[in-house]
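J.: Provided below: run11.cif, containing mmCIF, C-alpha atoms and all ligand atoms.
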data_model
#
loop_
_atom_site.label_atom_id
_atom_site.label_comp_id
_atom_site.auth_asym_id
_atom_site.auth_seq_id
_atom_site.Cartn_x
_atom_site.Cartn_y
_atom_site.Cartn_z
CA MET C 22 120.58 113.62 114.34
CA ILE C 23 118.02 116.34 114.99
CA GLU C 24 114.81 116.04 113.07
CA GLN C 25 115.16 119.06 110.83
CA LYS C 26 118.66 118.10 109.74
CA MET C 27 117.51 114.58 108.99
CA GLN C 28 114.66 115.92 106.85
CA GLN C 29 117.01 118.19 104.94
CA ARG C 30 119.53 115.45 104.30
CA LEU C 31 116.82 113.04 103.15
CA SER C 32 115.37 115.64 100.81
CA GLU C 33 118.82 116.24 99.30
CA ASN C 34 119.42 112.51 98.90
CA TRP C 35 115.99 112.02 97.30
CA GLN C 36 116.60 114.86 94.84
CA ALA C 37 120.03 113.46 93.94
CA VAL C 38 118.69 109.95 93.39
CA GLN C 39 115.82 111.24 91.27
CA GLN C 40 118.26 113.21 89.15
CA LYS C 41 120.55 110.20 88.63
CA VAL C 42 117.61 108.00 87.65
CA HIS C 43 116.35 110.63 85.22
CA GLU C 44 119.84 110.99 83.72
CA ALA C 45 120.19 107.24 83.33
CA ALA C 46 116.83 107.13 81.54
CA ILE C 47 117.75 109.96 79.18
CA ASN C 48 121.20 108.47 78.49
CA SER C 49 119.44 105.27 77.47
CA GLY C 50 117.16 107.11 75.07
CA ARG C 51 114.16 106.74 77.33
CA ALA C 52 111.69 109.24 78.74
CA GLU C 53 112.72 110.85 82.03
CA ASP C 54 109.57 109.62 83.77
CA SER C 55 109.71 106.06 82.43
CA VAL C 56 111.33 104.69 85.58
CA GLN C 57 109.62 104.63 88.97
CA ILE C 58 111.80 104.83 92.08
CA ILE C 59 110.81 102.51 94.91
CA GLY C 60 112.37 103.92 98.09
CA VAL C 61 113.44 100.89 100.08
CA SER C 62 112.68 101.87 103.66
CA LYS C 63 113.66 98.54 105.23
CA TYR C 64 116.77 100.09 106.81
CA VAL C 65 114.95 102.79 108.78
CA ASP C 66 112.29 103.26 111.45
CA ALA C 67 108.78 104.62 110.96
CA GLU C 68 109.79 108.21 111.66
CA THR C 69 112.52 108.21 109.01
CA THR C 70 110.17 106.45 106.58
CA LEU C 71 107.71 109.30 107.07
CA ALA C 72 110.49 111.83 106.46
CA LEU C 73 111.33 110.05 103.19
CA VAL C 74 107.71 110.42 102.08
CA LYS C 75 107.80 114.10 103.05
CA ALA C 76 110.90 114.44 100.90
CA GLY C 77 108.76 113.35 97.93
CA CYS C 78 109.03 109.56 97.72
CA ARG C 79 105.57 107.99 97.25
CA GLN C 80 106.56 104.37 96.60
CA LEU C 81 107.95 102.47 99.58
CA GLY C 82 109.59 99.05 99.50
CA GLU C 83 109.93 96.65 102.43
CA SER C 84 111.46 93.18 102.39
CA ARG C 85 109.84 91.94 105.62
CA PRO C 86 106.06 91.77 105.93
CA GLN C 87 106.11 92.58 109.66
CA LEU C 88 107.80 95.92 109.03
CA MET C 89 105.34 96.79 106.28
CA TRP C 90 102.28 96.15 108.38
CA GLN C 91 103.78 97.86 111.47
CA LYS C 92 104.57 100.98 109.48
CA THR C 93 101.16 100.87 107.76
CA GLU C 94 99.46 100.85 111.16
CA GLU C 95 101.74 103.41 112.74
CA LEU C 96 101.97 106.03 110.01
CA THR C 97 99.50 108.45 108.48
CA PHE C 98 100.62 109.98 105.20
CA ASP C 99 99.26 113.25 103.87
CA GLN C 100 99.79 111.99 100.31
CA PRO C 101 98.82 108.61 98.84
CA VAL C 102 101.68 106.14 99.21
CA THR C 103 102.01 102.73 97.55
CA TRP C 104 103.76 99.87 99.35
CA HIS C 105 105.92 97.35 97.51
CA MET C 106 106.75 93.96 98.98
CA ILE C 107 110.21 93.05 97.69
CA GLY C 108 111.36 90.20 99.95
CA HIS C 109 110.55 86.51 100.21
CA LEU C 110 107.02 86.01 101.47
CA GLN C 111 105.51 83.11 103.41
CA ARG C 112 101.91 82.05 102.97
CA ASN C 113 100.96 82.63 106.60
CA LYS C 114 101.86 86.33 106.23
CA VAL C 115 99.77 87.05 103.15
CA ARG C 116 96.37 87.79 104.65
CA ARG C 117 97.68 90.48 106.96
CA LEU C 118 100.08 91.87 104.39
CA LEU C 119 97.23 92.61 102.00
CA ARG C 120 95.91 95.26 104.41
CA SER C 121 98.77 97.45 103.17
CA LYS C 122 97.44 96.93 99.60
CA PRO C 123 100.96 96.37 98.29
CA MET C 124 102.28 95.53 94.89
CA ILE C 125 104.18 92.27 95.41
CA HIS C 126 107.46 92.01 93.47
CA SER C 127 108.75 88.84 95.08
CA VAL C 128 106.36 86.12 93.91
CA ASP C 129 108.77 83.19 93.70
CA SER C 130 106.56 80.08 93.65
CA GLN C 131 103.16 78.95 92.40
CA ARG C 132 102.16 78.21 96.00
CA ILE C 133 102.66 81.79 97.10
CA LEU C 134 100.93 83.07 93.96
CA ALA C 135 97.92 80.85 94.70
CA ALA C 136 97.85 82.02 98.34
CA ILE C 137 97.93 85.69 97.31
CA ALA C 138 95.13 85.08 94.79
CA GLU C 139 92.98 83.29 97.36
CA HIS C 140 93.33 85.93 100.09
CA ALA C 141 92.91 88.76 97.62
CA SER C 142 89.71 87.21 96.24
CA ASN C 143 88.38 86.74 99.77
CA GLN C 144 89.07 90.41 100.52
CA GLY C 145 87.62 91.60 97.21
CA LEU C 146 91.03 92.85 96.03
CA ILE C 147 93.06 92.51 92.87
CA VAL C 148 96.77 92.52 93.71
CA ASP C 149 99.39 93.53 91.17
CA VAL C 150 102.29 91.11 91.27
CA LEU C 151 105.63 90.53 89.57
CA LEU C 152 107.18 87.10 89.07
CA GLU C 153 110.66 86.99 90.54
CA VAL C 154 113.04 85.27 88.18
CA ASN C 155 116.34 83.60 88.98
CA VAL C 156 117.84 84.38 85.60
CA SER C 157 121.27 82.93 86.32
CA ALA C 158 119.76 79.76 87.82
CA ASP C 159 121.92 80.42 90.89
CA GLU C 160 121.11 77.86 93.58
CA ALA C 161 121.60 80.42 96.33
CA LYS C 162 118.89 82.68 94.90
CA THR C 163 115.13 82.66 95.12
CA GLY C 164 112.83 83.02 92.15
CA PHE C 165 111.40 80.99 89.29
CA LEU C 166 113.77 79.39 86.84
CA PRO C 167 113.36 81.08 83.44
CA GLU C 168 112.16 77.89 81.73
CA SER C 169 109.35 77.41 84.26
CA LEU C 170 107.65 80.74 83.65
CA GLU C 171 105.74 79.89 80.49
CA ALA C 172 103.79 77.20 82.38
CA VAL C 173 103.16 79.61 85.28
CA LEU C 174 101.69 82.20 82.93
CA ASP C 175 99.57 79.52 81.26
CA SER C 176 97.89 78.51 84.51
CA LEU C 177 97.38 81.73 86.44
CA PRO C 178 94.80 81.90 89.24
CA ALA C 179 91.39 82.90 87.85
CA ALA C 180 91.00 85.96 90.11
CA GLY C 181 92.72 88.09 92.72
CA VAL C 182 96.05 88.74 90.99
CA ARG C 183 97.26 90.59 87.94
CA VAL C 184 100.76 89.71 86.70
CA LYS C 185 102.42 92.95 85.61
CA GLY C 186 105.89 91.70 84.75
CA LEU C 187 109.14 90.35 86.15
CA MET C 188 111.49 91.16 89.02
CA ALA C 189 115.18 90.28 89.08
CA MET C 190 118.27 90.86 91.18
CA ALA C 191 121.81 90.83 89.85
CA GLY C 192 123.03 90.27 93.40
CA TRP C 193 125.32 92.12 95.74
CA GLY C 194 128.91 92.43 94.63
CA THR C 195 128.23 91.62 90.97
CA SER C 196 130.43 93.46 88.45
CA SER C 197 128.61 95.98 86.30
CA ASP C 198 129.24 93.83 83.18
CA ALA C 199 127.69 90.81 84.86
CA ALA C 200 124.78 92.92 86.09
CA ARG C 201 124.17 94.23 82.57
CA THR C 202 124.11 90.71 81.11
CA HIS C 203 121.73 89.66 83.85
CA PHE C 204 119.34 92.53 83.24
CA ASP C 205 119.47 92.11 79.46
CA LYS C 206 118.56 88.44 79.86
CA THR C 207 115.64 89.38 82.08
CA ARG C 208 114.28 91.82 79.51
CA GLU C 209 114.70 89.28 76.69
CA LEU C 210 112.87 86.71 78.79
CA ARG C 211 110.05 89.17 79.41
CA ASP C 212 109.80 89.89 75.68
CA ARG C 213 109.62 86.18 74.84
CA LEU C 214 107.06 85.45 77.57
CA SER C 215 104.96 88.37 76.54
CA GLN C 216 104.85 86.98 72.98
CA SER C 217 104.14 83.40 73.98
CA SER C 218 101.50 84.23 76.60
CA GLY C 219 99.88 87.19 74.86
CA GLN C 220 100.13 89.18 78.12
CA ALA C 221 101.69 92.61 78.14
CA LEU C 222 104.00 92.22 81.19
CA PRO C 223 104.97 95.91 81.06
CA GLU C 224 106.92 96.15 84.32
CA LEU C 225 110.54 95.18 84.93
CA SER C 226 111.62 95.66 88.54
CA MET C 227 115.41 95.53 88.53
CA GLY C 228 118.31 97.62 89.78
CA MET C 229 119.35 98.70 93.27
CA SER C 230 121.70 101.39 94.64
CA GLY C 231 124.79 99.76 93.11
CA ASP C 232 123.50 98.83 89.66
CA PHE C 233 120.44 100.89 88.74
CA PRO C 234 122.04 102.64 85.71
CA GLU C 235 122.71 99.22 84.12
CA ALA C 236 119.15 98.13 84.91
CA ILE C 237 117.66 101.27 83.38
CA ARG C 238 119.75 100.81 80.27
CA ALA C 239 118.34 97.28 79.98
CA GLY C 240 114.75 98.52 80.30
CA ALA C 241 113.89 98.59 84.01
CA THR C 242 110.61 100.39 84.74
CA MET C 243 111.06 100.18 88.52
CA VAL C 244 114.29 100.51 90.47
CA ARG C 245 114.46 99.55 94.15
CA ILE C 246 116.77 102.02 95.86
CA GLY C 247 117.71 101.83 99.54
CA SER C 248 121.22 102.59 100.81
CA ILE C 249 122.02 105.67 98.75
CA LEU C 250 118.83 107.33 99.96
CA PHE C 251 120.04 107.10 103.53
CA GLU C 252 123.66 108.12 103.04
CA GLY C 253 124.78 110.32 105.92
CA LEU C 254 121.81 109.23 108.00
CA ILE C 255 122.41 105.69 109.10
CA ASP C 256 125.50 103.72 109.95
CA GLN C 257 126.12 101.54 106.92
CA GLY C 258 129.20 99.84 108.36
C1 LIG C 301 117.39 95.84 100.24
C2 LIG C 301 116.88 95.56 98.89
C3 LIG C 301 117.01 96.51 97.87
C4 LIG C 301 117.73 97.84 98.06
O1 LIG C 301 119.11 97.63 98.01
P1 LIG C 301 120.15 98.86 98.11
O2 LIG C 301 121.41 98.26 97.60
O3 LIG C 301 120.21 99.22 99.55
O4 LIG C 301 119.64 99.94 97.26
C5 LIG C 301 116.47 96.22 96.63
N1 LIG C 301 115.83 95.06 96.40
C6 LIG C 301 115.69 94.11 97.35
C7 LIG C 301 114.97 92.86 97.02
C8 LIG C 301 116.21 94.33 98.62
O5 LIG C 301 116.07 93.38 99.56
#
Using structure tokens, write down the structure from this file.
T.:
Amino acid sequence: MIEQKMQQRLSENWQAVQQKVHEAAINSGRAEDSVQIIGVSKYVDAETTLALVKAGCRQLGESRPQLMWQKTEELTFDQPVTWHMIGHLQRNKVRRLLRSKPMIHSVDSQRILAAIAEHASNQGLIVDVLLEVNVSADEAKTGFLPESLEAVLDSLPAAGVRVKGLMAMAGWGTSSDAARTHFDKTRELRDRLSQSSGQALPELSMGMSGDFPEAIRAGATMVRIGSILFEGLIDQG
């Protein structure tokens, strides 16, 4: 696809997604700007990622650290952009990943939390993180079990990280009823943890292309949207 056409299509897709997210917020009795859209650029190359930023998206999500650091090195943005790490992270990738100064949504163990805190402290950074929760206790999924989170919040690393809230996934192919239940449980868990720990935990990262309206209704403050941003641009067979 020629460059100009790609840019136009991406801009249209971005506008449409923004409008749907705003509508979902308003339909749930929430402010239009209460939900941030993380544009998940993991499907596309650096050039298309840059075009997405030009279309207006300033929050980029990647699920593989290598792609985040490659794009960080390769691209220069004319507007400030924030990276979001949304996939499982290994400890040996953390030091390099922090060069992108990401928010990390996918903290799924105390070991990785400790590693992030250590590298961040060494680099003089404070990294905003979310604790990924496996709300349905599904063995095939990553994330903390709900009942383990109180202890995690009670023994946070002394420096280097700031826990901003929870991240959850309903999972591909989940019915919208099941997704809604899942997201409601995540919000209730956040509310309980916030009470018991005395920490605000304001952010709820939940909802993807197929289920973001349900997530917004349940209180999501960040939705991670990939496929529908790239409709008409990449082969999604
Ligand atoms: C890929 C991915 C998304 C985006 O999913 P879409 O269905 O393409 O919108 C969101 N969250 C995570 C963790 C992902 O890996």
J.: Quick one, how far is CA of Val38 in chain C from CA of Ile58 in chain C?
T.: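 We find that CA of Val38 in chain C and CA of Ile58 in chain C lie 8.7 Å from each other.
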J.: Would you mind telling me which residue in C:Leu146, C:Met89, C:Met106, C:Ala141 lies nearest to ligand LIG 301 (chain C) when using all atoms listed in the file?
T.: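 For ligand LIG 301 (chain C), the nearest of the given residues is C:Met106.
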J.: Show me as a list in words the residues that reach within 12 Å of (101.0, 85.9, 76.5), counting only C-alpha atoms and using the file's own coordinates.
T.: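 The distance filter leaves exactly Leu170, Glu171, Ala172, Val173, Leu174, Asp175, Ser176, Leu177, Val184, Lys185, Gly186, Arg211, Asp212, Arg213, Leu214, Ser215, Gln216, Ser217, Ser218, Gly219, Gln220, Ala221, Leu222 and Pro223 of chain C.
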J.: Using only C-alpha atoms and all ligand atoms, which residues of the polymer chains come no farther than 6 Å from ligand LIG 301 (chain C)? I'd like the answer as a ChimeraX atom specification.
T.: /C:61,84,107-108,229-231,245-248
J.: Ranking C:Thr195, C:Thr242, C:Gln28, C:Asn155 by minimum distance to Leu210 in chain C and counting all atoms listed in the file, which one comes first?
T.: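 Distance minimum relative to Leu210 in chain C lands on C:Asn155.
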J.: Could you name the residues that touch Asp54 in chain C at 12 Å or less, counting only C-alpha atoms, but leaving out those on the same chain fewer than 4 positions away, as a CSV table (one decimal) with C-alpha atoms, in the frame of the given file?
T.:
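Writing done, so here's selection-v2.csv:
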chain,number,residue,atom,x,y,z
C,39,GLN,CA,115.8,111.2,91.3
C,40,GLN,CA,118.3,113.2,89.2
C,42,VAL,CA,117.6,108.0,87.6
C,43,HIS,CA,116.4,110.6,85.2
C,44,GLU,CA,119.8,111.0,83.7
C,45,ALA,CA,120.2,107.2,83.3
C,46,ALA,CA,116.8,107.1,81.5
C,47,ILE,CA,117.8,110.0,79.2
C,50,GLY,CA,117.2,107.1,75.1
C,58,ILE,CA,111.8,104.8,92.1
C,237,ILE,CA,117.7,101.3,83.4
C,241,ALA,CA,113.9,98.6,84.0
C,242,THR,CA,110.6,100.4,84.7
C,243,MET,CA,111.1,100.2,88.5
J.: Considering all atoms listed in the file, can you say which of C:Val182, C:Leu119, C:Trp104, C:Ile125 comes closest to Ala138 in chain C?
T.: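 Looking only at the distances to Ala138 in chain C, the closest residue turns out to be C:Val182.
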J.: Could you give me, as a list in words, the residues within 12 Å of Leu96 in chain C, counting only C-alpha atoms and dropping anything in the same chain fewer than 3 positions from it?
T.: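 Selected residues are Asp66, Ala67, Glu68, Thr69, Thr70, Leu71, Ala72, Val74, Leu88, Met89, Trp90, Gln91, Lys92, Thr93, Asp99, Gln100, Pro101, Val102 and Ser121 of chain C.
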J.: Using all atoms listed in the file, which protein or nucleic acid residues come within 9 Å of Val156 in chain C? Drop anything in the same chain fewer than 5 positions from it, and give the result as a list in words.
T.: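 That gives Gly164, Phe165, Leu166, Pro167, Ala189, Met190, Ala191, His203, Phe204, Lys206, Thr207 and Leu210 of chain C.
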J.: Taking C-alpha atoms for each residue, export the selection above as a CSV table (one decimal), in the coordinates of the input.
T.:
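Now in out26.csv:
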chain,number,residue,atom,x,y,z
C,164,GLY,CA,112.8,83.0,92.2
C,165,PHE,CA,111.4,81.0,89.3
C,166,LEU,CA,113.8,79.4,86.8
C,167,PRO,CA,113.4,81.1,83.4
C,189,ALA,CA,115.2,90.3,89.1
C,190,MET,CA,118.3,90.9,91.2
C,191,ALA,CA,121.8,90.8,89.8
C,203,HIS,CA,121.7,89.7,83.8
C,204,PHE,CA,119.3,92.5,83.2
C,206,LYS,CA,118.6,88.4,79.9
C,207,THR,CA,115.6,89.4,82.1
C,210,LEU,CA,112.9,86.7,78.8
J.: Grab the CA of Ser142 in chain C to CA of Lys114 in chain C distance for me, in Å with one decimal place.
T.: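 One can read the CA of Ser142 in chain C to CA of Lys114 in chain C distance as 15.8 Å.
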J.: To one decimal place, how far is CA of Ser157 in chain C from CA of Ile249 in chain C in Å?
T.: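 If I compute the distance from CA of Ser157 in chain C to CA of Ile249 in chain C, I get 25.9 Å.
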J.: Could you tell me which of C:Ile59, C:Leu31, C:Ala161, C:Val128 comes closest to Met227 in chain C if we count all atoms listed in the file?
T.: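 Using all atoms listed in the file, the shortest distance to Met227 in chain C belongs to C:Ile59.
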